[in-house]
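Colleague: Just so it is clear, I am handing over data_17.cif, which has mmCIF, C-alpha atoms.
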```cif
data_structure
loop_
_atom_site.group_PDB
_atom_site.id
_atom_site.type_symbol
_atom_site.label_atom_id
_atom_site.label_comp_id
_atom_site.auth_asym_id
_atom_site.auth_seq_id
_atom_site.Cartn_x
_atom_site.Cartn_y
_atom_site.Cartn_z
ATOM 1 C CA MET M 17 3.423 -27.643 1.622
ATOM 2 C CA SER M 18 5.919 -29.129 -0.795
ATOM 3 C CA ASN M 19 9.421 -29.896 0.464
ATOM 4 C CA GLU M 20 10.886 -29.192 -2.973
ATOM 5 C CA PRO M 21 13.370 -26.311 -2.997
ATOM 6 C CA ALA M 22 11.905 -23.047 -4.211
ATOM 7 C CA ARG M 23 12.774 -22.241 -7.813
ATOM 8 C CA ARG M 24 12.261 -18.640 -8.818
ATOM 9 C CA ALA M 25 13.033 -16.603 -11.891
ATOM 10 C CA PRO M 26 16.287 -14.658 -11.577
ATOM 11 C CA ARG M 27 16.096 -10.984 -10.711
ATOM 12 C CA GLN M 28 15.762 -8.806 -13.791
ATOM 13 C CA THR M 29 17.286 -5.438 -14.621
ATOM 14 C CA TYR M 30 15.842 -2.834 -16.961
ATOM 15 C CA THR M 31 17.097 0.191 -18.825
ATOM 16 C CA ALA M 32 15.278 3.494 -18.486
ATOM 17 C CA ASP M 33 14.075 3.184 -22.084
ATOM 18 C CA GLU M 34 12.569 -0.237 -21.373
ATOM 19 C CA VAL M 35 10.744 1.085 -18.308
ATOM 20 C CA LEU M 36 9.379 4.100 -20.155
ATOM 21 C CA ARG M 37 8.181 1.981 -23.070
ATOM 22 C CA LEU M 38 6.325 -0.252 -20.623
ATOM 23 C CA ALA M 39 4.914 2.774 -18.806
ATOM 24 C CA GLU M 40 3.556 4.233 -22.034
ATOM 25 C CA GLU M 41 2.074 0.886 -23.049
ATOM 26 C CA LEU M 42 0.199 0.626 -19.746
ATOM 27 C CA ARG M 43 -0.793 4.308 -19.615
ATOM 28 C CA THR M 44 -4.472 5.043 -18.974
ATOM 29 C CA TRP M 45 -4.389 8.822 -19.406
ATOM 30 C CA GLY M 46 -7.659 9.949 -20.968
ATOM 31 C CA ARG M 47 -9.344 6.552 -20.720
ATOM 32 C CA TRP M 48 -11.942 8.028 -18.367
ATOM 33 C CA GLY M 49 -11.732 11.560 -19.722
ATOM 34 C CA PRO M 50 -9.291 14.479 -19.399
ATOM 35 C CA ASP M 51 -10.562 15.464 -15.946
ATOM 36 C CA ASP M 52 -10.355 12.010 -14.370
ATOM 37 C CA GLU M 53 -8.641 11.763 -10.986
ATOM 38 C CA LEU M 54 -9.738 8.263 -9.987
ATOM 39 C CA GLY M 55 -7.418 6.317 -12.240
ATOM 40 C CA ALA M 56 -7.600 2.570 -11.661
ATOM 41 C CA ALA M 57 -10.212 3.127 -8.933
ATOM 42 C CA ASN M 58 -12.625 3.384 -11.873
ATOM 43 C CA TRP M 59 -12.295 -0.373 -12.349
ATOM 44 C CA THR M 60 -14.087 -1.061 -9.030
ATOM 45 C CA THR M 61 -17.814 -0.769 -9.693
ATOM 46 C CA PRO M 62 -20.657 -0.582 -7.132
ATOM 47 C CA ALA M 63 -21.629 -4.112 -8.121
ATOM 48 C CA MET M 64 -18.108 -5.295 -7.306
ATOM 49 C CA VAL M 65 -18.222 -3.608 -3.901
ATOM 50 C CA SER M 66 -21.569 -5.246 -3.167
ATOM 51 C CA ALA M 67 -20.197 -8.646 -4.133
ATOM 52 C CA ALA M 68 -17.085 -8.075 -2.054
ATOM 53 C CA ALA M 69 -19.203 -7.287 1.004
ATOM 54 C CA GLY M 70 -20.523 -10.848 0.704
ATOM 55 C CA LEU M 71 -17.015 -12.157 1.412
ATOM 56 C CA ALA M 72 -17.468 -11.130 5.069
ATOM 57 C CA ARG M 73 -18.857 -14.546 6.011
ATOM 58 C CA ARG M 74 -17.453 -14.973 9.546
ATOM 59 C CA GLY M 75 -17.425 -11.355 10.629
ATOM 60 C CA GLN M 76 -13.757 -11.656 11.569
ATOM 61 C CA ILE M 77 -12.090 -8.241 11.404
ATOM 62 C CA PHE M 78 -8.380 -7.577 10.904
ATOM 63 C CA SER M 79 -6.827 -4.144 11.281
ATOM 64 C CA LEU M 80 -3.926 -3.854 8.856
ATOM 65 C CA ALA M 81 -2.419 -0.711 10.410
ATOM 66 C CA ILE M 82 0.678 -0.459 12.556
ATOM 67 C CA PRO M 83 0.307 1.586 15.771
ATOM 68 C CA MET M 84 0.471 5.311 15.018
ATOM 69 C CA ASP M 85 2.843 6.344 17.773
ATOM 70 C CA ARG M 86 6.461 7.287 18.447
ATOM 71 C CA THR M 87 7.724 3.693 18.186
ATOM 72 C CA GLY M 88 7.166 3.451 14.422
ATOM 73 C CA PRO M 89 9.732 2.948 11.664
ATOM 74 C CA GLN M 90 10.456 6.564 10.738
ATOM 75 C CA SER M 91 14.016 7.560 11.571
ATOM 76 C CA GLY M 92 13.639 11.323 11.282
ATOM 77 C CA ARG M 93 16.355 11.540 8.633
ATOM 78 C CA THR M 94 13.752 13.063 6.316
ATOM 79 C CA ALA M 95 10.693 15.210 6.931
ATOM 80 C CA ARG M 96 8.835 12.035 7.844
ATOM 81 C CA VAL M 97 8.913 11.388 11.562
ATOM 82 C CA ASN M 98 6.808 9.056 13.656
ATOM 83 C CA PRO M 99 3.419 10.330 14.839
ATOM 84 C CA GLN M 100 3.722 12.656 17.840
ATOM 85 C CA HIS M 101 0.727 12.404 20.175
ATOM 86 C CA VAL M 102 0.317 15.228 22.692
ATOM 87 C CA MET M 103 -2.274 15.962 25.370
ATOM 88 C CA PHE M 104 -3.915 19.392 25.622
ATOM 89 C CA LYS M 105 -5.905 18.473 28.704
ATOM 90 C CA HIS M 106 -5.438 15.393 30.866
ATOM 91 C CA GLY M 107 -6.188 13.954 34.282
ATOM 92 C CA GLY M 108 -3.313 15.831 35.875
ATOM 93 C CA ASP M 109 -5.072 19.091 35.075
ATOM 94 C CA MET M 110 -8.096 17.913 37.040
ATOM 95 C CA LEU M 111 -5.961 16.839 39.969
ATOM 96 C CA ALA M 112 -4.165 20.173 39.949
ATOM 97 C CA ASP M 113 -7.501 21.865 40.646
ATOM 98 C CA GLY M 114 -7.888 19.936 43.875
ATOM 99 C CA GLU M 115 -11.386 19.171 45.053
ATOM 100 C CA ALA M 116 -12.888 21.475 42.430
ATOM 101 C CA GLY M 117 -11.308 19.408 39.690
ATOM 102 C CA LEU M 118 -13.131 16.298 40.891
ATOM 103 C CA ARG M 119 -16.606 17.803 40.769
ATOM 104 C CA GLY M 120 -18.952 17.970 37.804
ATOM 105 C CA MET M 121 -18.049 17.288 34.207
ATOM 106 C CA ARG M 122 -14.480 17.708 33.026
ATOM 107 C CA SER M 123 -12.884 16.674 29.728
ATOM 108 C CA THR M 124 -9.604 15.543 28.216
ATOM 109 C CA ASP M 125 -8.313 16.657 24.833
ATOM 110 C CA ASP M 126 -5.393 15.793 22.596
ATOM 111 C CA ALA M 127 -3.768 16.217 19.188
ATOM 112 C CA VAL M 128 -1.351 14.482 16.881
ATOM 113 C CA TYR M 129 1.332 15.755 14.538
ATOM 114 C CA MET M 130 2.354 13.388 11.771
ATOM 115 C CA PRO M 131 3.491 13.487 8.178
ATOM 116 C CA LEU M 132 0.631 11.957 6.208
ATOM 117 C CA GLN M 133 2.833 9.126 4.917
ATOM 118 C CA ALA M 134 4.619 8.309 8.161
ATOM 119 C CA SER M 135 2.637 5.180 8.947
ATOM 120 C CA THR M 136 0.234 2.766 7.253
ATOM 121 C CA GLN M 137 -0.933 4.833 4.286
ATOM 122 C CA TRP M 138 -2.100 5.351 0.723
ATOM 123 C CA ASP M 139 -0.145 7.398 -1.797
ATOM 124 C CA ALA M 140 -2.270 9.816 -3.813
ATOM 125 C CA LEU M 141 -1.730 9.986 -7.561
ATOM 126 C CA CYS M 142 -0.268 13.498 -7.165
ATOM 127 C CA HIS M 143 2.557 12.080 -5.045
ATOM 128 C CA ILE M 144 4.715 10.939 -7.970
ATOM 129 C CA PHE M 145 5.787 12.858 -11.087
ATOM 130 C CA TYR M 146 8.080 11.746 -13.879
ATOM 131 C CA ASP M 147 9.492 14.180 -16.424
ATOM 132 C CA GLY M 148 7.185 16.808 -14.969
ATOM 133 C CA LYS M 149 3.987 14.780 -15.319
ATOM 134 C CA ALA M 150 1.672 13.036 -12.871
ATOM 135 C CA TYR M 151 -1.319 10.844 -13.686
ATOM 136 C CA ASN M 152 -3.559 12.018 -16.529
ATOM 137 C CA ASP M 153 -1.039 14.539 -17.838
ATOM 138 C CA ARG M 154 -1.018 16.819 -14.783
ATOM 139 C CA GLY M 155 1.966 19.139 -14.407
ATOM 140 C CA PRO M 156 3.777 20.457 -11.308
ATOM 141 C CA GLU M 157 1.460 23.460 -11.181
ATOM 142 C CA SER M 158 -1.277 21.058 -10.056
ATOM 143 C CA VAL M 159 0.377 20.789 -6.613
ATOM 144 C CA THR M 160 0.967 24.123 -4.904
ATOM 145 C CA SER M 161 2.073 25.225 -1.433
ATOM 146 C CA ALA M 162 -1.613 24.988 -0.479
ATOM 147 C CA GLY M 163 -1.827 21.350 -1.582
ATOM 148 C CA ALA M 164 -2.912 19.411 -4.645
ATOM 149 C CA LYS M 165 -5.515 20.874 -6.973
ATOM 150 C CA HIS M 166 -5.798 17.569 -8.851
ATOM 151 C CA ASN M 167 -5.217 13.873 -8.058
ATOM 152 C CA SER M 168 -5.460 14.487 -4.301
ATOM 153 C CA ILE M 169 -6.159 11.629 -1.906
ATOM 154 C CA THR M 170 -9.706 12.934 -1.452
ATOM 155 C CA SER M 171 -10.595 11.629 -4.906
ATOM 156 C CA ILE M 172 -10.920 8.149 -3.389
ATOM 157 C CA LYS M 173 -12.577 9.049 -0.096
ATOM 158 C CA GLU M 174 -15.513 6.856 -1.182
ATOM 159 C CA ARG M 175 -13.647 4.547 -3.559
ATOM 160 C CA ALA M 176 -11.237 2.516 -1.418
ATOM 161 C CA ALA M 177 -13.381 -0.534 -0.677
ATOM 162 C CA GLY M 178 -13.818 -3.805 -2.518
ATOM 163 C CA ARG M 179 -12.451 -7.305 -2.902
ATOM 164 C CA GLY M 180 -9.071 -7.729 -1.263
ATOM 165 C CA VAL M 181 -6.683 -10.586 -2.101
ATOM 166 C CA LEU M 182 -3.668 -11.457 0.038
ATOM 167 C CA VAL M 183 -0.696 -12.767 -1.942
ATOM 168 C CA ASP M 184 1.567 -14.432 0.613
ATOM 169 C CA LEU M 185 4.645 -15.531 -1.290
ATOM 170 C CA PRO M 186 6.813 -16.376 1.755
ATOM 171 C CA ARG M 187 4.310 -19.019 2.875
ATOM 172 C CA LEU M 188 4.224 -20.520 -0.597
ATOM 173 C CA LEU M 189 8.030 -20.702 -0.578
ATOM 174 C CA ASP M 190 8.026 -22.000 3.027
ATOM 175 C CA VAL M 191 10.221 -19.175 4.306
ATOM 176 C CA PRO M 192 9.440 -16.654 7.066
ATOM 177 C CA TRP M 193 10.142 -13.688 4.800
ATOM 178 C CA LEU M 194 11.609 -12.655 1.495
ATOM 179 C CA GLU M 195 15.111 -11.251 1.535
ATOM 180 C CA PRO M 196 15.997 -7.640 0.688
ATOM 181 C CA GLY M 197 16.395 -7.382 -3.073
ATOM 182 C CA ASP M 198 13.966 -10.245 -3.769
ATOM 183 C CA SER M 199 11.652 -9.177 -6.580
ATOM 184 C CA ILE M 200 8.035 -10.342 -6.852
ATOM 185 C CA GLY M 201 7.580 -10.890 -10.559
ATOM 186 C CA ALA M 202 4.925 -12.147 -12.941
ATOM 187 C CA GLU M 203 6.042 -15.772 -12.535
ATOM 188 C CA ASP M 204 5.676 -15.499 -8.763
ATOM 189 C CA LEU M 205 2.136 -14.141 -9.071
ATOM 190 C CA GLU M 206 1.212 -16.840 -11.590
ATOM 191 C CA ARG M 207 2.642 -19.490 -9.306
ATOM 192 C CA TRP M 208 0.809 -18.178 -6.252
ATOM 193 C CA THR M 209 -2.576 -17.808 -7.959
ATOM 194 C CA GLY M 210 -2.238 -21.209 -9.594
ATOM 195 C CA HIS M 211 -1.290 -22.925 -6.326
ATOM 196 C CA HIS M 212 -4.259 -21.465 -4.437
ATOM 197 C CA GLY M 213 -6.754 -21.418 -7.293
ATOM 198 C CA VAL M 214 -7.335 -17.689 -6.737
ATOM 199 C CA THR M 215 -8.136 -15.284 -9.538
ATOM 200 C CA ILE M 216 -6.897 -11.697 -9.384
ATOM 201 C CA GLY M 217 -8.894 -9.441 -11.631
ATOM 202 C CA GLU M 218 -10.664 -6.216 -12.409
ATOM 203 C CA GLY M 219 -11.313 -3.894 -9.490
ATOM 204 C CA ASP M 220 -9.370 -5.944 -6.933
ATOM 205 C CA PHE M 221 -7.151 -4.617 -4.155
ATOM 206 C CA VAL M 222 -4.013 -6.762 -4.017
ATOM 207 C CA LEU M 223 -2.017 -7.020 -0.783
ATOM 208 C CA LEU M 224 1.521 -8.368 -1.064
ATOM 209 C CA ARG M 225 3.027 -9.862 2.075
ATOM 210 C CA THR M 226 6.812 -10.082 2.056
ATOM 211 C CA GLY M 227 7.343 -10.580 5.812
ATOM 212 C CA HIS M 228 9.751 -7.620 5.803
ATOM 213 C CA LEU M 229 7.759 -5.532 8.287
ATOM 214 C CA GLU M 230 7.550 -8.383 10.791
ATOM 215 C CA ARG M 231 11.269 -9.069 10.435
ATOM 216 C CA ARG M 232 12.235 -5.452 11.012
ATOM 217 C CA ARG M 233 9.792 -5.143 13.895
ATOM 218 C CA ALA M 234 11.472 -8.108 15.586
ATOM 219 C CA GLU M 235 15.077 -7.233 14.760
ATOM 220 C CA GLY M 236 14.834 -3.436 14.965
ATOM 221 C CA TRP M 237 13.584 -1.020 12.320
ATOM 222 C CA GLY M 238 17.124 -0.316 11.117
ATOM 223 C CA ASP M 239 17.006 0.671 7.438
ATOM 224 C CA TYR M 240 13.352 -0.286 6.969
ATOM 225 C CA VAL M 241 12.791 3.276 5.721
ATOM 226 C CA ALA M 242 14.390 3.619 2.264
ATOM 227 C CA GLY M 243 16.718 0.648 2.742
ATOM 228 C CA ALA M 244 17.048 -2.545 0.743
ATOM 229 C CA ALA M 245 13.796 -4.509 0.748
ATOM 230 C CA PRO M 246 11.903 -7.235 -1.042
ATOM 231 C CA GLY M 247 9.044 -5.978 -3.146
ATOM 232 C CA LEU M 248 7.096 -5.794 -6.357
ATOM 233 C CA GLY M 249 9.136 -5.949 -9.530
ATOM 234 C CA LEU M 250 8.318 -4.463 -12.907
ATOM 235 C CA SER M 251 7.113 -7.723 -14.435
ATOM 236 C CA GLY M 252 4.818 -8.198 -11.441
ATOM 237 C CA ALA M 253 3.555 -4.636 -11.804
ATOM 238 C CA GLU M 254 2.777 -5.228 -15.474
ATOM 239 C CA TRP M 255 0.983 -8.483 -14.594
ATOM 240 C CA LEU M 256 -1.231 -6.644 -12.099
ATOM 241 C CA VAL M 257 -2.000 -3.690 -14.379
ATOM 242 C CA ARG M 258 -3.038 -5.969 -17.230
ATOM 243 C CA ARG M 259 -5.586 -7.524 -14.862
ATOM 244 C CA ARG M 260 -7.034 -4.083 -14.153
ATOM 245 C CA ILE M 261 -6.543 -4.068 -10.404
ATOM 246 C CA ALA M 262 -7.674 -1.004 -8.452
ATOM 247 C CA ALA M 263 -4.698 -0.715 -6.095
ATOM 248 C CA VAL M 264 -1.803 -2.641 -4.563
ATOM 249 C CA ALA M 265 -0.330 -2.450 -1.058
ATOM 250 C CA SER M 266 2.443 -4.176 0.850
ATOM 251 C CA ASP M 267 4.173 -4.469 4.219
ATOM 252 C CA THR M 268 7.280 -2.605 3.067
ATOM 253 C CA TRP M 269 8.185 1.081 3.156
ATOM 254 C CA GLY M 270 8.021 1.589 -0.612
ATOM 255 C CA LEU M 271 6.162 -1.419 -2.139
ATOM 256 C CA GLU M 272 8.723 -2.044 -4.874
ATOM 257 C CA VAL M 273 11.911 -4.054 -4.677
ATOM 258 C CA LEU M 274 15.058 -2.246 -3.555
ATOM 259 C CA PRO M 275 17.773 -2.003 -4.797
ATOM 260 C CA SER M 276 15.928 -0.872 -7.897
ATOM 261 C CA GLU M 277 15.583 -3.005 -11.009
ATOM 262 C CA CYS M 278 16.305 0.214 -12.921
ATOM 263 C CA PRO M 279 18.859 2.379 -11.098
ATOM 264 C CA ASP M 280 18.532 5.117 -13.734
ATOM 265 C CA ILE M 281 14.944 5.725 -12.636
ATOM 266 C CA GLY M 282 15.196 4.632 -9.007
ATOM 267 C CA HIS M 283 11.560 3.770 -8.361
ATOM 268 C CA PRO M 284 10.319 2.482 -11.713
ATOM 269 C CA VAL M 285 7.308 0.629 -10.302
ATOM 270 C CA HIS M 286 5.983 3.921 -8.926
ATOM 271 C CA VAL M 287 6.393 5.482 -12.359
ATOM 272 C CA VAL M 288 4.585 2.644 -14.120
ATOM 273 C CA LEU M 289 1.777 2.208 -11.603
ATOM 274 C CA MET M 290 1.019 5.689 -10.312
ATOM 275 C CA VAL M 291 2.092 8.115 -13.003
ATOM 276 C CA ASN M 292 0.937 6.071 -15.977
ATOM 277 C CA ALA M 293 -1.567 3.360 -15.007
ATOM 278 C CA GLY M 294 -3.243 5.350 -12.226
ATOM 279 C CA VAL M 295 -2.836 2.491 -9.729
ATOM 280 C CA ARG M 296 -2.544 3.675 -6.136
ATOM 281 C CA ILE M 297 0.084 2.269 -3.824
ATOM 282 C CA GLY M 298 -0.307 1.398 -0.151
ATOM 283 C CA GLU M 299 2.724 1.053 2.101
ATOM 284 C CA ILE M 300 3.624 -0.095 5.631
ATOM 285 C CA TRP M 301 0.555 -2.342 5.933
ATOM 286 C CA ASP M 302 0.638 -4.942 8.734
ATOM 287 C CA LEU M 303 -0.431 -8.204 7.091
ATOM 288 C CA GLU M 304 0.750 -10.690 9.720
ATOM 289 C CA ALA M 305 -2.499 -11.550 11.538
ATOM 290 C CA LEU M 306 -4.402 -11.682 8.256
ATOM 291 C CA SER M 307 -1.706 -13.956 6.848
ATOM 292 C CA GLU M 308 -2.081 -16.383 9.744
ATOM 293 C CA ASP M 309 -5.831 -16.533 9.277
ATOM 294 C CA CYS M 310 -5.621 -17.022 5.526
ATOM 295 C CA ALA M 311 -3.134 -19.845 6.015
ATOM 296 C CA HIS M 312 -5.445 -21.440 8.575
ATOM 297 C CA ASP M 313 -8.673 -21.416 6.582
ATOM 298 C CA GLY M 314 -7.222 -21.373 3.062
ATOM 299 C CA VAL M 315 -9.302 -18.332 2.102
ATOM 300 C CA HIS M 316 -7.242 -15.480 0.696
ATOM 301 C CA GLU M 317 -10.044 -13.128 -0.375
ATOM 302 C CA PHE M 318 -11.995 -10.764 1.875
ATOM 303 C CA PHE M 319 -13.892 -7.509 2.024
ATOM 304 C CA LEU M 320 -11.407 -4.651 2.287
ATOM 305 C CA VAL M 321 -12.315 -1.175 3.537
ATOM 306 C CA ALA M 322 -9.413 1.299 3.421
ATOM 307 C CA GLN M 323 -10.785 4.824 3.158
ATOM 308 C CA PRO M 324 -8.305 7.720 3.412
ATOM 309 C CA LEU M 325 -8.853 10.734 5.612
ATOM 310 C CA PRO M 326 -10.544 13.468 3.514
ATOM 311 C CA ILE M 327 -7.708 15.967 3.949
ATOM 312 C CA THR M 328 -8.165 18.601 1.266
ATOM 313 C CA GLY M 329 -5.237 18.697 -1.149
ATOM 314 C CA ALA M 330 -3.277 15.913 0.544
ATOM 315 C CA VAL M 331 -0.792 13.828 -1.433
ATOM 316 C CA GLY M 332 -1.210 10.853 0.890
ATOM 317 C CA SER M 333 -3.175 9.752 3.926
ATOM 318 C CA PRO M 334 -2.746 7.599 7.016
ATOM 319 C CA ILE M 335 -5.338 4.845 7.156
ATOM 320 C CA ASN M 336 -6.557 1.954 9.267
ATOM 321 C CA PRO M 337 -7.326 -0.629 6.578
ATOM 322 C CA ILE M 338 -9.833 -3.252 7.639
ATOM 323 C CA ALA M 339 -10.057 -6.752 6.156
ATOM 324 C CA ILE M 340 -13.290 -8.588 6.986
ATOM 325 C CA LYS M 341 -13.621 -12.339 6.417
#
```
For this file, produce the structure as structure tokens.

Modeller:
Amino acid sequence: MSNEPARRAPRQTYTADEVLRLAEELRTWGRWGPDDELGAANWTTPAMVSAAAGLARRGQIFSLAIPMDRTGPQSGRTARVNPQHVMFKHGGDMLADGEAGLRGMRSTDDAVYMPLQASTQWDALCHIFYDGKAYNDRGPESVTSAGAKHNSITSIKERAAGRGVLVDLPRLLDVPWLEPGDSIGAEDLERWTGHHGVTIGEGDFVLLRTGHLERRRAEGWGDYVAGAAPGLGLSGAEWLVRRRIAAVASDTWGLEVLPSECPDIGHPVHVVLMVNAGVRIGEIWDLEALSEDCAHDGVHEFFLVAQPLPITGAVGSPINPIAIK
């Protein structure tokens, strides 16, 4: 790796008008018909999935999920708390029955309570609205107290697999992690793809490692949830959309850089990607072990399988994404 100091484009700021013009320019509403709920998942064809399966050359499997337990990053300040695992029946119940409890077949049983976006997860396209509209011109009436009637996470229950590409900017810059407020822009993505000779294109699932999850895991979760973080900037989002990617995920709580590049909108990358371009967002993905392997063998593409749970009407889903190399 070069010892030259890292030179990066300065952080940009945008007005609300600039963001909304970009959002409209990248909008895919109606491209696949008025009833479409797949959005950018349409870009990933069966032929692409078949080709991606061929990237599993070594059979090495990486789980990209953090543990779904009470030690996770959720602080409880919002409705999102860490997963709560409880036992309905356990070994103590058998022991309480004395000798009778040790004879014949007995069973254990358990349950979990968790907000569907409390851990490693996908956002559904019905998760984000702007000016009363979600992807493909759906209004607030499309999500009721019973759940989403359109754009639910179940629309991709068979469409979240394909070619994955890990973009590991900290390793390229020879730093352990990006700093809060660092924006991943178009120039960064061009630099990374050019350095590694990797093409990002139609139907791909792009994973952005910032190192932020690993840092917070080591130092304490602190303000990992909703706090300042490195992440995808608007120019980077535009770069990805123009290459017709299927989805993008990262190791941060909200994917995009915080503080926002457009304070008047707050989360402009969500508005551009999800509301307008139909690109799903994955958050809180653990990319550390995969990063080590990619750095070791120089291969940054793999077969990714990241199916959501088919929870009817859900606006997001916990997942255990699997990268296979």

Colleague: Could you check the closest approach to Arg232 (chain M) for each of M:Gly88, M:Asp309, M:Ile281, M:His286 and tell me which residue wins, using all atoms listed in the file?

Modeller: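 Checking each candidate against Arg232 (chain M), we get M:Gly88 as the closest.
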
Colleague: List, as an MDAnalysis selection string, every residue that the PyMOL selection byres ((chain M and resi 211) around 12) selects in the file provided.

Modeller: chainID M and resid 17:18 183:185 187:189 203:210 212:215 314 316

Colleague: Counting only C-alpha atoms, figure out which residue out of M:Ala164, M:Val65, M:Val273, M:Leu80 gets nearest to Thr29 (chain M).

Modeller: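 With only C-alpha atoms as the atom set, the closest residue is M:Val273.
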
Colleague: List the spatial neighbours of His101 (chain M) as a list of chain:residue names - criterion: any atom at most 12 Å away, only C-alpha atoms, same-chain residues fewer than 4 positions off excluded.

Modeller: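 Once the nearby chain positions are removed, what remains is M:Pro83, M:Met84, M:Asp85, M:Arg86, M:Thr87, M:Val97, M:Asp125, M:Asp126, M:Ala127, M:Val128, M:Tyr129, M:Met130.
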
Colleague: Could you tell me which residues the PyMOL selection byres ((chain M and resi 304) around 12) returns for this structure, as a PDB file with C-alpha atoms, in the frame of the given file?

Modeller:
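Okay, result10.pdb is ready:
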```
ATOM      1  CA  PHE M  78      -8.380  -7.577  10.904  1.00  0.00           C
ATOM      2  CA  SER M  79      -6.827  -4.144  11.281  1.00  0.00           C
ATOM      3  CA  LEU M  80      -3.926  -3.854   8.856  1.00  0.00           C
ATOM      4  CA  ALA M  81      -2.419  -0.711  10.410  1.00  0.00           C
ATOM      5  CA  ILE M  82       0.678  -0.459  12.556  1.00  0.00           C
ATOM      6  CA  LEU M 182      -3.668 -11.457   0.038  1.00  0.00           C
ATOM      7  CA  VAL M 183      -0.696 -12.767  -1.942  1.00  0.00           C
ATOM      8  CA  ASP M 184       1.567 -14.432   0.613  1.00  0.00           C
ATOM      9  CA  PRO M 186       6.813 -16.376   1.755  1.00  0.00           C
ATOM     10  CA  ARG M 187       4.310 -19.019   2.875  1.00  0.00           C
ATOM     11  CA  PRO M 192       9.440 -16.654   7.066  1.00  0.00           C
ATOM     12  CA  TRP M 193      10.142 -13.688   4.800  1.00  0.00           C
ATOM     13  CA  LEU M 223      -2.017  -7.020  -0.783  1.00  0.00           C
ATOM     14  CA  LEU M 224       1.521  -8.368  -1.064  1.00  0.00           C
ATOM     15  CA  ARG M 225       3.027  -9.862   2.075  1.00  0.00           C
ATOM     16  CA  THR M 226       6.812 -10.082   2.056  1.00  0.00           C
ATOM     17  CA  GLY M 227       7.343 -10.580   5.812  1.00  0.00           C
ATOM     18  CA  HIS M 228       9.751  -7.620   5.803  1.00  0.00           C
ATOM     19  CA  LEU M 229       7.759  -5.532   8.287  1.00  0.00           C
ATOM     20  CA  GLU M 230       7.550  -8.383  10.791  1.00  0.00           C
ATOM     21  CA  ARG M 231      11.269  -9.069  10.435  1.00  0.00           C
ATOM     22  CA  ARG M 233       9.792  -5.143  13.895  1.00  0.00           C
ATOM     23  CA  SER M 266       2.443  -4.176   0.850  1.00  0.00           C
ATOM     24  CA  ASP M 267       4.173  -4.469   4.219  1.00  0.00           C
ATOM     25  CA  ILE M 300       3.624  -0.095   5.631  1.00  0.00           C
ATOM     26  CA  TRP M 301       0.555  -2.342   5.933  1.00  0.00           C
ATOM     27  CA  ASP M 302       0.638  -4.942   8.734  1.00  0.00           C
ATOM     28  CA  LEU M 303      -0.431  -8.204   7.091  1.00  0.00           C
ATOM     29  CA  ALA M 305      -2.499 -11.550  11.538  1.00  0.00           C
ATOM     30  CA  LEU M 306      -4.402 -11.682   8.256  1.00  0.00           C
ATOM     31  CA  SER M 307      -1.706 -13.956   6.848  1.00  0.00           C
ATOM     32  CA  GLU M 308      -2.081 -16.383   9.744  1.00  0.00           C
ATOM     33  CA  ASP M 309      -5.831 -16.533   9.277  1.00  0.00           C
ATOM     34  CA  CYS M 310      -5.621 -17.022   5.526  1.00  0.00           C
ATOM     35  CA  ALA M 311      -3.134 -19.845   6.015  1.00  0.00           C
TER      36      ALA M 311
END
```

Colleague: Selection in question (the file shown): the PyMOL selection byres ((chain M and resi 68) around 6). Which residues does it include, as number ranges by chain?

Modeller: M: 65-67, 69-71, 178-179, 319

Colleague: Around (-10.2, -8.9, 11.9) in the file's frame, which residues reach within 8 Å when counting all atoms listed in the file? Return as a PyMOL selection string?

Modeller: chain M and resi 75-79+306+338-341

Colleague: Kindly give the distance, in Å, that separates CA of Thr31 (chain M) and CA of Asp139 (chain M), rounded to a single decimal.

Modeller: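 CA of Thr31 (chain M) sits 25.3 Å away from CA of Asp139 (chain M).
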
Colleague: Using all atoms listed in the file, which of the listed residues (M:Ser161, M:Asn336, M:Ser135, M:Ser251) sits closest to Val288 (chain M)?

Modeller: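 Between M:Ser161, M:Asn336, M:Ser135, M:Ser251, the residue approaching Val288 (chain M) most closely is M:Ser251.
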
Colleague: May I have the residues within 9 Å of Arg96 (chain M) as a ChimeraX atom specification, using all atoms listed in the file and disregarding those fewer than 4 positions away in the same chain?

Modeller: /M:90-92,130-134

Colleague: Which of these residues is nearest to Pro50 (chain M), using only C-alpha atoms: M:Tyr151, M:Phe104, M:Phe145, M:Trp138?

Modeller: M:Tyr151
